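Notes follow the structure.
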Amino acid sequence: MSAEKTIRGKTVAQWETEFPIMTEIRALKETAWINPGRVPFDEAARECVLSIDDVRDAEARLARFADYFEHEFPETAASHGIIESPVRPIPAMQRLLENECGGSVPGSMWIKLDSHLPISGSIKARGGIYEVLKTAEDIAVRHGLLHEGDPYRVFATKPFRDVFSQYSVAVGSTGNLGLSIGIISAKLGFRVTVHMSADARQWKKDLLRSKGVTVVEYPSDYSIAVAEGRRQAENDPYCHFVDDENSKTLFLGYTVAGLRLKQQLADAGVTVDAKHPLFVYLPCGVGGGPGGVAFGIKQVFGDAAHCFFAEPTHSCCMMLGMATGLDSDISVQDLGVDNRTIADGLAVGRASSFVGSVMRPMISGCYSLDDSRMYRMLAQLADTEDIRLEPSALAGMYGPVLLASGALAGYPAAAGLSAEDVANGTHLVWATGGNMVPAEEMQHYYEAGKALE
């Protein structure tokens, strides 16, 4: 890298002097950042552009569409059309991690299986599907098709599909968001184009094409796919572009997870309060999914919830943007980091400025981990708990270890938590995808992980 390269008028060396964590990011070291700008939740909520009312509005919209999903997607029948994932304890995996780190992981470890969400098998089934539903609802109202009190299964009828066929939906994606957008948009009758980066998995492209989705491939990374998709859509009034970097609608779809989680934990007998903290570890790419989920969790649990973003060492754009305060004005490529990772859903070099600004006063911190660690934990989770995930979904699994005795060990004291509080707490690892991975590809992931043990 040229020594003269500047970012916002400063050389990389000058930035590193101001923010030493940039040196570790450049060196591809596993590292962590504890957010010095986190404030009490009530204070953060007063200054935020979104509120719990927005989250409840999103929840109500999803409830209106429940009968449509139950009618059109048989896999949602058991949940009566509600798209939700289970939460369960993972004590065997907790014991294995304790053995590896040579100490205890105080509290109990649980996993949130967004990897098993119906329809598209990833966390993107929350925000991605929600934004398309809101778009369809708005169009239906505008065309006089939808009236108050109508059952939403009318969205599956020919008049609705005929109108939606006049419109198109586009999105830029590394894979899972494209799957969610493509599957639901095609089902409703929209014409769909998914702009996919080079690191997207081939099976995801093949599945989308089998659903009638147009897939446009780019030899470069996620940011270019998004930019090109946005450019092609901006002059077409009949095209809705799902902007993963800036969409409030997409973000709000994810937030509903917080409301659902509150009930799930209560049903499981898990207490969350000041003396029983909830630590949540969320794999992070551009930030919309984890940011939305964390926002919803903070709305529900307030200061009792402590949320962390987890990223690959080669793609830790959110930690970089948050730590420097530059958000989307800096990318990992600016530091000479290649943004290449097996965690395709997290292969993002530049974070969302919207998510960065909304979550800065709420997020507890970020950490990064090697691809090899994700691979190894993938195999370990399969062996201990019989849960199979794609590599990116394991990014959150390392968080409890870091909080117990690693780079995040200073966080509890900084947050005013005692050792007893932590011991009474719950660690929740957010598993973001994997249920739709073809068996042969999953076996390849597993064997790669076993080879590293």
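In the structure tokens, chains take letters A, B, ... by order of appearance, with residues numbered from 1 within each chain and ligands from 1 in the order shown.
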Please return as a ChimeraX atom specification: the residues of range 116-330 of chain A that backbone DSSP assigns to helix (DSSP H, G or I). /A:116,124-142,152-156,158-164,176-188,202-210,222-233,248-267,288-304,317-324,327-329
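Among the candidates A:Leu207, A:Val332, A:Leu28, A:Ile387, the one nearest to Met442 in chain A when counting only C-alpha atoms is A:Ile387.
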Spatial neighbours of Val226 in chain A, 7 Å, only C-alpha atoms, chain gap at least 4 places, as a ChimeraX atom specification: /A:171-173,195,222,230
When you look at range 253-270 of chain A with a cut-off of 6 Å (counting only C-alpha atoms), what residues show up, excluding the ones that are within fewer than 6 positions of it in the same chain? I need them as an MDAnalysis selection string. chainID A and resid 55 59 126:127 130 289 292:293 296:297
Do you know which residues are at most 10 Å from His143 in chain A counting only C-alpha atoms, after dropping those on the same chain fewer than 6 positions away, and could you put them as JSON, numbers by chain? {"A": [137, 160, 163]}
Output of the above residues as a PDB file, in the first residue's frame, restricted to N, CA and C atoms:
ATOM      1  N   GLU A 137     -48.033  -4.535  -0.154  1.00  0.00           N
ATOM      2  CA  GLU A 137     -49.194  -3.938   0.508  1.00  0.00           C
ATOM      3  C   GLU A 137     -49.425  -2.518   0.002  1.00  0.00           C
ATOM      4  N   PHE A 160     -54.206  -9.662  -7.920  1.00  0.00           N
ATOM      5  CA  PHE A 160     -53.013  -9.129  -7.262  1.00  0.00           C
ATOM      6  C   PHE A 160     -51.761  -9.486  -8.062  1.00  0.00           C
ATOM      7  N   VAL A 163     -51.314  -7.312 -11.149  1.00  0.00           N
ATOM      8  CA  VAL A 163     -50.787  -5.974 -10.862  1.00  0.00           C
ATOM      9  C   VAL A 163     -49.304  -6.048 -10.515  1.00  0.00           C
TER      10      VAL A 163
END
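Restricting the calculation to only C-alpha atoms, the smallest distance between Glu148 in chain A and any of A:Arg161, A:Lys134, A:Arg64, A:Lys204 is found for A:Arg64.
Selecting strand (DSSP E or B) from the backbone DSSP output for range 86-151 of chain A yields Val87, Arg88, Pro89, Ser108, Met109, Trp110, Ile111, Lys112, Leu113 and Ser122 of chain A.
Distance annotation: of A:Asp54, A:Glu447, A:Val141, A:Pro106, the residue with the minimal separation from Asp383 in chain A is A:Glu447; atom set is only C-alpha atoms.
You will find CA of Pro89 in chain A at 28.2 Å from CA of Leu179 in chain A.
Considering the residues A:Gly103, A:Gly144, A:Pro91, A:Gly9 and counting only C-alpha atoms, Leu381 in chain A has its shortest atom-to-atom contact with A:Pro91.
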Per residue of range 72-150 of chain A within 12 Å of range 342-355 of chain A, which atom pair is closest and at what distance in Å (one decimal), using only C-alpha atoms, listed by chain and increasing number, as a Markdown table?
| residue | atom | partner | partner_atom | distance |
| --- | --- | --- | --- | --- |
| A:Ser122 | CA | A:Gly345 | CA | 10.2 |
| A:Ile123 | CA | A:Gly345 | CA | 10.6 |
| A:Lys124 | CA | A:Gly345 | CA | 10.2 |
For the selection just defined, write its residues with C-alpha atoms to a file, as a short mmCIF file (atom, residue, chain, number, x, y, z; two decimals), in the first residue's frame.
data_model
loop_
_atom_site.label_atom_id
_atom_site.label_comp_id
_atom_site.auth_asym_id
_atom_site.auth_seq_id
_atom_site.Cartn_x
_atom_site.Cartn_y
_atom_site.Cartn_z
CA SER A 122 -31.65 -17.54 7.19
CA ILE A 123 -31.98 -14.36 9.22
CA LYS A 124 -32.73 -12.57 5.94
#
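Excluding Glu217 in chain A and any residue on its chain fewer than 5 positions from it, the residues at most 12 Å away by only C-alpha atoms are Gly172, Ser173, Thr174, Gly175, Gly178, Thr193, Val194, His195, Met196, Ser197, Ala198, Asp199, Ala200, Arg201, Gln202, Lys204, Lys205, Asp206, Tyr222, Ile224, Ala225, Val226, Glu228 and Gly229 of chain A.
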Just want the 7 Å neighbourhood of range 237-248 of chain A, counted on only C-alpha atoms, with same-chain residues fewer than 2 positions away dropped. Output as a ChimeraX atom specification. /A:167-171,230,233,235,250-252,286,288,352,354
Residues of range 277-302 of chain A that approach range 366-371 of chain A to 12 Å or less, counting only C-alpha atoms: could you list each one with the shortest pair of atoms and its distance in Å to one decimal, rows by chain and increasing residue number, as a Markdown table?
| residue | atom | partner | partner_atom | distance |
| --- | --- | --- | --- | --- |
| A:Val280 | CA | A:Cys366 | CA | 11.2 |
| A:Tyr281 | CA | A:Cys366 | CA | 9.0 |
| A:Leu282 | CA | A:Cys366 | CA | 9.3 |
| A:Pro283 | CA | A:Ser368 | CA | 9.7 |
| A:Cys284 | CA | A:Cys366 | CA | 9.1 |
| A:Gly285 | CA | A:Ser368 | CA | 11.5 |
| A:Gly287 | CA | A:Cys366 | CA | 11.6 |
| A:Pro290 | CA | A:Cys366 | CA | 11.4 |
| A:Gly291 | CA | A:Cys366 | CA | 11.8 |
Restricting it to N, CA and C atoms, dump the selection as a short mmCIF file (atom, residue, chain, number, x, y, z; two decimals), in the first residue's frame.
data_model
loop_
_atom_site.label_atom_id
_atom_site.label_comp_id
_atom_site.auth_asym_id
_atom_site.auth_seq_id
_atom_site.Cartn_x
_atom_site.Cartn_y
_atom_site.Cartn_z
N VAL A 280 -25.86 -11.07 23.66
CA VAL A 280 -26.27 -11.55 22.34
C VAL A 280 -25.12 -11.32 21.35
N TYR A 281 -24.80 -12.36 20.58
CA TYR A 281 -23.67 -12.32 19.65
C TYR A 281 -24.19 -12.54 18.23
N LEU A 282 -24.02 -11.52 17.39
CA LEU A 282 -24.67 -11.48 16.08
C LEU A 282 -23.65 -11.39 14.94
N PRO A 283 -23.61 -12.39 14.05
CA PRO A 283 -22.76 -12.27 12.86
C PRO A 283 -23.15 -11.02 12.07
N CYS A 284 -22.14 -10.31 11.57
CA CYS A 284 -22.40 -9.01 10.95
C CYS A 284 -21.70 -8.88 9.61
N GLY A 285 -22.47 -8.48 8.58
CA GLY A 285 -21.93 -8.12 7.29
C GLY A 285 -22.04 -6.62 7.11
N GLY A 287 -24.59 -4.94 8.13
CA GLY A 287 -25.11 -4.47 9.41
C GLY A 287 -26.61 -4.45 9.56
N PRO A 290 -28.11 -7.82 11.76
CA PRO A 290 -27.74 -7.78 13.18
C PRO A 290 -28.13 -6.47 13.85
N GLY A 291 -28.03 -5.37 13.09
CA GLY A 291 -28.41 -4.09 13.67
C GLY A 291 -29.88 -4.05 14.02
#
State, in Å with one decimal place, the distance from CA of Ala60 in chain A to CA of Ser180 in chain A. 20.0 Å
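Closest approach to Asp53 in chain A among A:Met359, A:Val300, A:Ala186, A:Met22 is made by A:Val300 (distances from only C-alpha atoms).
CA of Glu24 in chain A lies 19.3 Å from CA of Asp329 in chain A.
Using only C-alpha atoms, the smallest distance between any of A:Leu428, A:Asn176, A:Phe308, A:Gly410 and Glu390 in chain A comes from A:Asn176.
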